[in-house]
Number of protein chains: 2
Amino acid sequence: MAGNILDVLTAAWINVVTSIVLLLAFAVLKNQPMNARVYFPKWFLKGQKQRAGPVGGFGTRDSSTNRIGRFLNLNVKSYAHVMDWIWTTLRMPEAELIEHAGLDSAVLLRVFLLGLKIFTPMLAWGCLVLIPINKTDNELISYQAANPNFAYSAVDTISIANVHDKSKRLWAHLLGAYMYTAWTCLMLFNEYEEVESLRFNFLAAQKRRPDQFTILVRQVPKDRQIKVSQQIENFFKENHSEHYCTHQVVYNANHLSKIVEKKEKCLNKIEYLQKQQATRQSSKRSTTRKGFLRLFGEKVDALDFYTIKCNRLSEEIKKERCHILSTEKCVMKAGFVSFNSRWGAAVCAQTQQSKDSTCWLTDWAPEARDVCWDNLSIPYMELNSRRLLIGFIIFFIASFFMIPITFVQSLANLDALDKNFHFLKPLLDQRFIRSVLQGFLPGLSLKLSLTFLPQLMMFLSKFEGRVSLSKIERNAATKYFVVMVVNVFFGNVIVGSVFEQLKQYIDSPIRVPKAFGSSIPMKSTFFITYIMVDGWSTVAAEALRLWAFLWYHLQNMVIVKTEKDRNKAMAFTTPQYNALLPKLGLYFLLGLVYAVISPLILPFIIVFFAFGYIIYRNQVINVYEPKYESSAAFWPLIHRHIVVALLITHITLIGLFSIKRSAASTPLLLPLPILTSFFHWYCAERFGPAFNQYPLQEARAKDNLERTLEPNLDVRSFLETAYLHPAITSALAEDTLTLDKGGIHNLLERRNSDSPSTVRSTPRSNPDRQLEQSCNISIDSHSASRTNSNH
Amino acid sequence: MAGNILDVLTAAWINVVTSIVLLLAFAVLKNQPMNARVYFPKWFLKGQKQRAGPVGGFGTRDSSTNRIGRFLNLNVKSYAHVMDWIWTTLRMPEAELIEHAGLDSAVLLRVFLLGLKIFTPMLAWGCLVLIPINKTDNELISYQAANPNFAYSAVDTISIANVHDKSKRLWAHLLGAYMYTAWTCLMLFNEYEEVESLRFNFLAAQKRRPDQFTILVRQVPKDRQIKVSQQIENFFKENHSEHYCTHQVVYNANHLSKIVEKKEKCLNKIEYLQKQQATRQSSKRSTTRKGFLRLFGEKVDALDFYTIKCNRLSEEIKKERCHILSTEKCVMKAGFVSFNSRWGAAVCAQTQQSKDSTCWLTDWAPEARDVCWDNLSIPYMELNSRRLLIGFIIFFIASFFMIPITFVQSLANLDALDKNFHFLKPLLDQRFIRSVLQGFLPGLSLKLSLTFLPQLMMFLSKFEGRVSLSKIERNAATKYFVVMVVNVFFGNVIVGSVFEQLKQYIDSPIRVPKAFGSSIPMKSTFFITYIMVDGWSTVAAEALRLWAFLWYHLQNMVIVKTEKDRNKAMAFTTPQYNALLPKLGLYFLLGLVYAVISPLILPFIIVFFAFGYIIYRNQVINVYEPKYESSAAFWPLIHRHIVVALLITHITLIGLFSIKRSAASTPLLLPLPILTSFFHWYCAERFGPAFNQYPLQEARAKDNLERTLEPNLDVRSFLETAYLHPAITSALAEDTLTLDKGGIHNLLERRNSDSPSTVRSTPRSNPDRQLEQSCNISIDSHSASRTNSNH
């Protein structure tokens with residue numbers, strides 16, 4: 001059996017060293033004030049600079065008279081405490097963490113803890129029972145006696161491979177399988193229950209937010225007689241008369257958002273030029289060129305040029321906005337309908353509105369920043385066709401992605417390297433380097449082949465027409481998990497043989513578990529190196545944020561001109577759930593499968609979860625700025641992934657036991673997958689609704705509380721413009737700087753005269769009111785445009 | 001290949017004769033006035049006697065002075081028109097049919113029509129293209145030339161078995177498969193759409209009914225502090241304050257309903273005795289005995305005895321009812337909550353009420369007569385465990401029911417008969433009798449082995465805890481369909497070989513389609529005889545209602561003493577959806593599978609659907625009295641069964657084509673099952689909600705209409721006692737005959753002093769009001785007690 005113990009040790013040694021080096025670099029770098037915006041961006045965003053930064057905090061450093069001290073930490077003593085951030089990080093209680101970073105982040109950390117909770121007791125049973133039982137048998141020695149060519153390593157002697165066929169020792173493994181499954185289910189159940197209660201508490205404690213009162217309605221039926229806005233109003237006024245408050249139609253404002261972006265850049269430039277002028281204190285003014293890339297063409301005064309350009313863009317924005325607001329074609333067949341109580345919104349989101357279940361589809365509105373505006377108006381049939389298409393694509397990716405992986409791995413094979421690159425041969429013949437490469441290469445090449453998949457999955461999920469970023473991420477996570485399980489797990493276990501044997505497997509699927517059972521113990525060393533490369537080192541690199549670090553300082557040197565720019569260059573980032581969650585799922589899978597087969601893998605996984613917990617806790621507290629808050633809506637997904645991992649474990653064990661010809665015990669394993677499926681079904685029914693729906697009891701309680709505390713609350717004005725397209729909002733906000741109120745009124749009148757409205761008889765149609773009111777808004781415009789530019 | 005054309009023709013001949021004889025008997029018998037209650041019970045129930053009965057109607061016959069004329073139809077001329085009922089039956093338009101018999105019955109007939117619509121064009125393509133193509137090939141002749149022992153029949157020469165391997169003729173079959181699938185899907189879609197619109201129209205046209213305003217809440221959480229009734233009231237008053245109207249708790253009144261039944265029998269006896277007394281006109285009075293079965297013990301005056309007994313039972317009823325109403329233990333953890341508008345009920349039925357999704361589960365209330373009272377209070381965990389258990393049981397029945405079937409069939413085998421019953425040998429050696437038995441026996445024995453299954457499935461579904469009879473029937477139908485498909489279809493196709501080959505199939509499931517493909521054309525003659533026995537003859541027997549006929553006249557002779565008894569003995573019956581729907585599903589399966597393989601089966605199926613349509617139309621109009629009205633809620637089930645049939649067809653064809661080594665065309669079949677699954681998924685999303693939920697738009701429209709027409713409507717009084725347990729309702733109704741109102745008040749007072757109520761402070765708890773009000777009710781009591789006795 002393949003896999004030398006030396007290779008594993010070398011790989012472990014390299015990875016430990018790498019991780020420690022990365023961590024130390026991280027600890028030192030984050031100690032430097034000049035890196036505060038790289039390692040503590042979250043606090044900057046929150047406006048709490050003093051809590052960011054090294055040791056005493058960034059704020060206190062301001063008092064330092066030393067100019068260098070503002071960039072480098074010269075306090076030598078503080079380096080003695082470089083690793084203190086770990087305790088600082090761990091000290092923050094969960095409640096504060098939820099308050100600080102949101103529930104999504106807090107629950108993400110719980111996944112790591114769940115890993116620790118599940119695998120630590122398994123390790124105990126593995127060390128105390130399974131490893132001694134495996135070690136004291138002698139299957140491998142006797143097999144080697146019969147087949148002198150056969151080689152095995154110390155890793156194999158402590159795995160189930162060392163147990164004789166039909167041995168009574170297998171009962172220990174069977175018992176282990178039951179105990180592990182029961183334990184995992186228990187942990188899963190408890191965790192689901194806790195996360196559910198966290199979610200409810202979080203939702204109950206949330207401040208008033210527009211999305212609590214708002215639903216998204218899609219597939220508004222076609223009607224040429226009447227405008228979409230009026231149609232929505234009529235429908236909901238009729239069918240939710242007691243609760244309907246207001247609504248906002250969705251505009252197709254992609255072009256507008258491009259112009260707004262341009263103008264923002266332009267304004268930024270002006271600000272920079274003005275600052276420059278002020279510091280120079282001379283009459284000499286900067287010039288620029290009019291032509292291509294500002295490198296060719298006539299020389300002009302830069303400030304004048306940009307001011308004129310900015311004004312022209314403002315005009316364009318006005319026109320485009322007018323066009324959007326007045327052209328019925330720019331209105332999508334969807335809208336955000338707001339209610340005057342959470343109860344009303346909860347009712348509307350959960351019920352069927354119309355006889356025809358393909359139109360007037362209602363669902364909770366995502367947060368405004370979470371909305372994927374482009375997807376809101378895909379017609380029903382197209383949506384279904386897209387899903388069908390994507391289904392086929394995922395099937396093909398999952399099935400055939402193994403081909404490039406196998407190819408890359410065969411290249412990375414040492415023997416192949418020997419053959420293809422002769423000049424490397426003397427180097428490769430050295431024992432140590434061989435070990436290094438043997439330990440590193442397979443895992444690394446696999447990891448590299450997977451890097452671009454999460455982005456591809458995001459693209460596919462977006463194409464599928466999900467209406468919010470959070471849903472797109474969750475959906476992409478599921479897709480990625482499927483592809484990973486098929487390719488990383490199944491692909492590696494039967495790699496190489498897979499293509500020759502494919503026909504045979506299709507012919508006789510029952511042999512698949514058997515093939516698994518026989519090849520799975522051999523693969524434990526490979527997965528150990530994979531965990532170290534993909535788990536340990538990557539997590540340490542995540543903390544160091546090398547790219548963000550370099551990018552920030554590069555920008556600082558080259559582009560950054562104003563404080564605003566510096567904030568913009570600030571290296572905050574968002575947690576990548578679409579890549580992270582499936583990865584965690586894969587570790588659960590590896591842990592569960594190998595817990596019985598080869599318990600040696602468990603310590604590596606436990607180290608990963610512990611280490612990951614610390615690092616991600618730091619990132620969540622100091623770095624990540626979530627793009628949205630889904631209130632732990634991804635938990636059911638995690639749960640599902642772990643249950644799938646359990647089922648795969650059971651099938652693998654059944655295969656393994658039937659190979660070991662343990663006829664008495666194999667049928668005893670059959671209830672495991674059935675009971676696990678039932679457990680999953682029960683959990684889905686018990687907890688599932690809590691993650692999709694908002695119970696009326698909760699909604700009513702919150703409504704009542706609010707009504708008692710703020711009896712005179714005007715919900716309407718609070719909701720009126722919450723779901724305007726960010727480009728329009730920011731365009732309007734810009735206007736308040738440049739236009740007087742008369743201008744807006746002119747705009748409105750022009751609009752009314754432009755559109756051949758059938759609604760004229762009603763006092764005033766909704767968007768008008770929105771427009772008028774939104775003239776008074778200048779809050780939110782920045783964050784809204786930022787969200788937009790993130791898209 | 002087995003199956004002689006002579007056997008088929010003999011079987012056909014026998015079945016045609018049987019069916020015609022049964023039909024003629026039916027036509028003659030229904031022409032007799034004395035049988036009116038057997039063949040026209042529906043009109044009696046509706047109180048329209050004059051529309052029931054032979055030719056001129058039962059009512060007109062009353063004027064006949066001839067005494068015999070009241071029993072026998074002596075009008076010889078009318079016998080010339082004995083088959084006129086067919087036209088009478090077919091003439092009733094669908095709208096009137098829905099009005100007369102309900103939507104369920106009308107939609108049941110549509111299933112037969114759907115069969116005709118699907119299979120008639122298929123028959124055309126089969127006759128014009130497939131049969132000539134099959135017939136003109138010569139695979140069987142050449143095979144026989146190679147294997148002289150091989151025998152085949154004329155039936156086989158027109159099936160796909162006669163086409164050469166790799167023949168280009170197979171393209172016609174491939175094209176046929178695509179056309180058939182497309183046509184079936186088109187018909188399914190149209191039908192779903194029409195049934196959906198029928199359902200909505202039916203619901204919209206319905207009169208005001210309590211179940212439109214009422215939801216069923218189950219899993220009321222345990223609370224020792226407070227009574228269930230108060231708990232429900234508090235919860236819904238809080239969370240549906242604007243819409244909550246009233247509620248009724250569910251009592252465990254099984255014991256009470258037994259006593260009520262006894263009393264009714266007793267009253268019936270008294271009525272009979274009084275009539276007897278009156279007709280005798282003598283002072284001699286009937287006597288009875290006190291002891292066992294009224295055959296032993298002291299002789300007493302019968303009328304006195306029963307009057308005393310009746311009074312004793314009345315006392316008992318009073319006590320028991322008091323006990324039920326005052327004991328909190330008799331209150332189940334469930335209730336019927338009524339709202340003051342359909343909108344409010346629709347909202348409550350479709351939404352999640354509480355954080356904990358295992359309690360306060362709401363759903364539409366079934367009709368009061370449809371409620372399965374015993375199942376209302378099964379705790380959540382027990383419900384789940386029961387479903388798990390039943391799942392296992394169904395799996396085992398489906399898997400192992402083949403064993404008794406095979407055993408019965410092997411007994412029914414002619415050779416086995418020869419062996420086991422020597423004295424039959426000379427008889428069996430006659431060609432004709434052999435053909436009769438060959439044609440009849442296999443189908444008959446299969447049919448007999450299946451007879452008790454529907455009842456078993458009903459029992460299992462009830463045990464699973466479904467809350468209404470309609471749901472139990474639908475669920476049982478699905479179970480029965482699964483068992484039938486596995487046993488009748490799969491079982492027969494691979495019968496005999498199945499047990500030897502089982503291991504091989506489990507080992508290599510991919511071979512199953514191949515095994516199918518090879519044995520399926522051979523089985524067409526068997527299925528033709530099955531269709532004739534189970535389809536034609538059974539349907540004709542359904543019309544004749546021999547058991548109902550005999551049972552009615554037996555009762556008439558022996559038991560019937562009063563007019564009430566006669567009405568009771570009246571042989572009305574309910575449509576058995578749980579047995580009928582899966583049977584229809586099986587015919588769709590057979591038709592679809594054989595449409596390509598052996599089109600000869602199609603005419604037999606078409607005759608079945610046409611014949612069934614006429615007979616069931618007659619039954620629906622004249623005989624069936626539905627136990628409930630589900631407004632075509634079973635349509636999704638029919639749709640699902642037909643889609644499953646399509647999928648099985650595709651898999652079978654793939655197997656068959658791969659045997660015919662038509663490598664070019666086999667992969668072309670693969671998209672069929674995928675596209676069909678997508679079609680099903682689309683239909684489920686498009687139409688499914690219409691059959692589960694009540695759209696708010698509809699609810700609101702109906703509410704508004706009602707409010708306009710009846711502005712002063714008191715919904716509360718209409719709803720107050722609609723969902724009282726039927727035994728309590730009828731007990732109360734009885735009381736109005738025997739007790740004065742003061743008695744009831746005493747009862748109420750006693751109840752109030754009995755119960756250690758925590759609710760005393762509230763003005764008056766709900767059941768009190770119910771009780772008081774229900775004292776004024778004497779309508780419904782009979783029908784309620786009938787419903788009860790049906791349970």
# chains A, B, ... in the order shown; residues from 1 in each chain; ligands from 1
$ closest_atom_pairs --of "chain B" --to "chain A" --cutoff "8 Å" --atoms "only C-alpha atoms" --output "Markdown table"
| residue | atom | partner | partner_atom | distance |
| --- | --- | --- | --- | --- |
| B:Phe200 | CA | A:Lys355 | CA | 7.7 |
| B:Glu238 | CA | A:Arg700 | CA | 7.9 |
| B:Asn239 | CA | A:Gln697 | CA | 5.8 |
| B:Val347 | CA | A:Val347 | CA | 6.4 |
| B:Gln350 | CA | A:Thr351 | CA | 5.7 |
| B:Thr351 | CA | A:Gln350 | CA | 5.7 |
| B:Gln352 | CA | A:Pro695 | CA | 5.0 |
| B:Gln353 | CA | A:Pro695 | CA | 4.9 |
| B:Ser354 | CA | A:Pro695 | CA | 5.2 |
| B:Lys355 | CA | A:Pro695 | CA | 5.8 |
| B:Asp356 | CA | A:Arg686 | CA | 7.5 |
| B:Ser357 | CA | A:Arg686 | CA | 5.6 |
| B:Thr358 | CA | A:Arg686 | CA | 5.9 |
| B:Asn384 | CA | A:Tyr682 | CA | 7.8 |
| B:Leu388 | CA | A:Phe678 | CA | 7.7 |
| B:Ile506 | CA | A:Ile510 | CA | 7.4 |
| B:Asp507 | CA | A:Ile510 | CA | 5.7 |
| B:Ser508 | CA | A:Ser508 | CA | 4.3 |
| B:Pro509 | CA | A:Ser508 | CA | 6.6 |
| B:Ile510 | CA | A:Asp507 | CA | 5.7 |
| B:Arg511 | CA | A:Asp507 | CA | 7.7 |
| B:Phe678 | CA | A:Leu388 | CA | 7.8 |
| B:Tyr682 | CA | A:Asn384 | CA | 7.9 |
| B:Glu685 | CA | A:Ser357 | CA | 7.4 |
| B:Arg686 | CA | A:Ser357 | CA | 5.6 |
| B:Phe687 | CA | A:Ser357 | CA | 6.7 |
| B:Pro689 | CA | A:Ser357 | CA | 6.7 |
| B:Ala690 | CA | A:Lys355 | CA | 6.6 |
| B:Gln693 | CA | A:Gln352 | CA | 7.1 |
| B:Tyr694 | CA | A:Gln352 | CA | 7.2 |
| B:Pro695 | CA | A:Gln353 | CA | 4.9 |
| B:Leu696 | CA | A:Gln353 | CA | 5.0 |
| B:Gln697 | CA | A:Ser354 | CA | 5.5 |
| B:Glu698 | CA | A:Lys355 | CA | 7.2 |
| B:Arg700 | CA | A:Asn239 | CA | 6.1 |
$ residues_around --residues "Glu139 of chain B" --least-positions-apart "4" --cutoff "6 Å" --atoms "only C-alpha atoms" --output "MDAnalysis selection string"
chainID B and resid 143 162:164
$ select_by_dssp --residues "segment 136-259 of chain A" --states "strand (DSSP E)" --output "ChimeraX atom specification"
/A:214-218,244-251
$ atom_distance --atom1 "atom CA of Ser105 of chain B" --atom2 "atom CA of Val620 of chain B"
6.3 Å
$ residues_around --residues "segment 125-137 of chain B" --least-positions-apart "6" --cutoff "6 Å" --atoms "only C-alpha atoms" --output "PyMOL selection string"
chain B and resi 157-160+162-163+599
$ residues_around --residues "Phe489 of chain A" --least-positions-apart "6" --cutoff "9 Å" --atoms "only C-alpha atoms" --output "PyMOL selection string"
chain A and resi 527+586+589-590
$ write_last_selection --atoms "N, CA and C atoms" --output "PDB file, in the first residue's frame"
ATOM      1  N   PHE A 527      -4.952  12.081   1.730  1.00  0.00           N
ATOM      2  CA  PHE A 527      -5.872  13.070   2.289  1.00  0.00           C
ATOM      3  C   PHE A 527      -5.248  13.826   3.453  1.00  0.00           C
ATOM      4  N   LEU A 586     -16.352  19.253   3.073  1.00  0.00           N
ATOM      5  CA  LEU A 586     -15.414  18.213   2.642  1.00  0.00           C
ATOM      6  C   LEU A 586     -14.599  17.688   3.815  1.00  0.00           C
ATOM      7  N   LEU A 589     -16.623  15.392   5.726  1.00  0.00           N
ATOM      8  CA  LEU A 589     -16.698  14.116   5.008  1.00  0.00           C
ATOM      9  C   LEU A 589     -15.455  13.273   5.267  1.00  0.00           C
ATOM     10  N   LEU A 590     -14.285  13.893   5.098  1.00  0.00           N
ATOM     11  CA  LEU A 590     -13.034  13.139   5.292  1.00  0.00           C
ATOM     12  C   LEU A 590     -12.952  12.615   6.721  1.00  0.00           C
TER      13      LEU A 590
END
$ closest_residue --among "A:Tyr577, A:Tyr178, A:Tyr251, A:Tyr723" --to "Phe336 of chain A" --atoms "only C-alpha atoms"
A:Tyr723
$ select_by_dssp --residues "segment 93-268 of chain A" --states "alpha helix (DSSP H)" --output "ChimeraX atom specification"
/A:94-101,103-125,131-135,139-146,154-157,170-205,210-213,228-239,254-268
$ residues_around --residues "Glu625 of chain B" --least-positions-apart "3" --cutoff "12 Å" --atoms "only C-alpha atoms" --output "PyMOL selection string"
chain B and resi 40-46+100-102+104-105+570-576+619-622+628-629+787
$ residues_around --residues "Tyr616 of chain B" --least-positions-apart "3" --cutoff "9 Å" --atoms "only C-alpha atoms" --output "list in words"
Leu108, Leu109, Val539, Glu542, Ala543, Phe611, Gly612, Tyr613, Gln619, Val620 and Ile621 of chain B
$ atom_distance --atom1 "atom CA of Glu264 of chain B" --atom2 "atom CA of Gln555 of chain B"
18.1 Å
$ atom_distance --atom1 "atom CA of Gln231 of chain A" --atom2 "atom CA of Val250 of chain A"
13.3 Å
$ residues_around --residues "Met458 of chain A" --least-positions-apart "6" --cutoff "9 Å" --atoms "only C-alpha atoms" --output "number ranges by chain"
A: 472-473, 475-477, 578
$ closest_residue --among "B:Lys227, B:Lys77, B:Lys319, B:Arg91" --to "Arg617 of chain B" --atoms "only C-alpha atoms"
B:Arg91
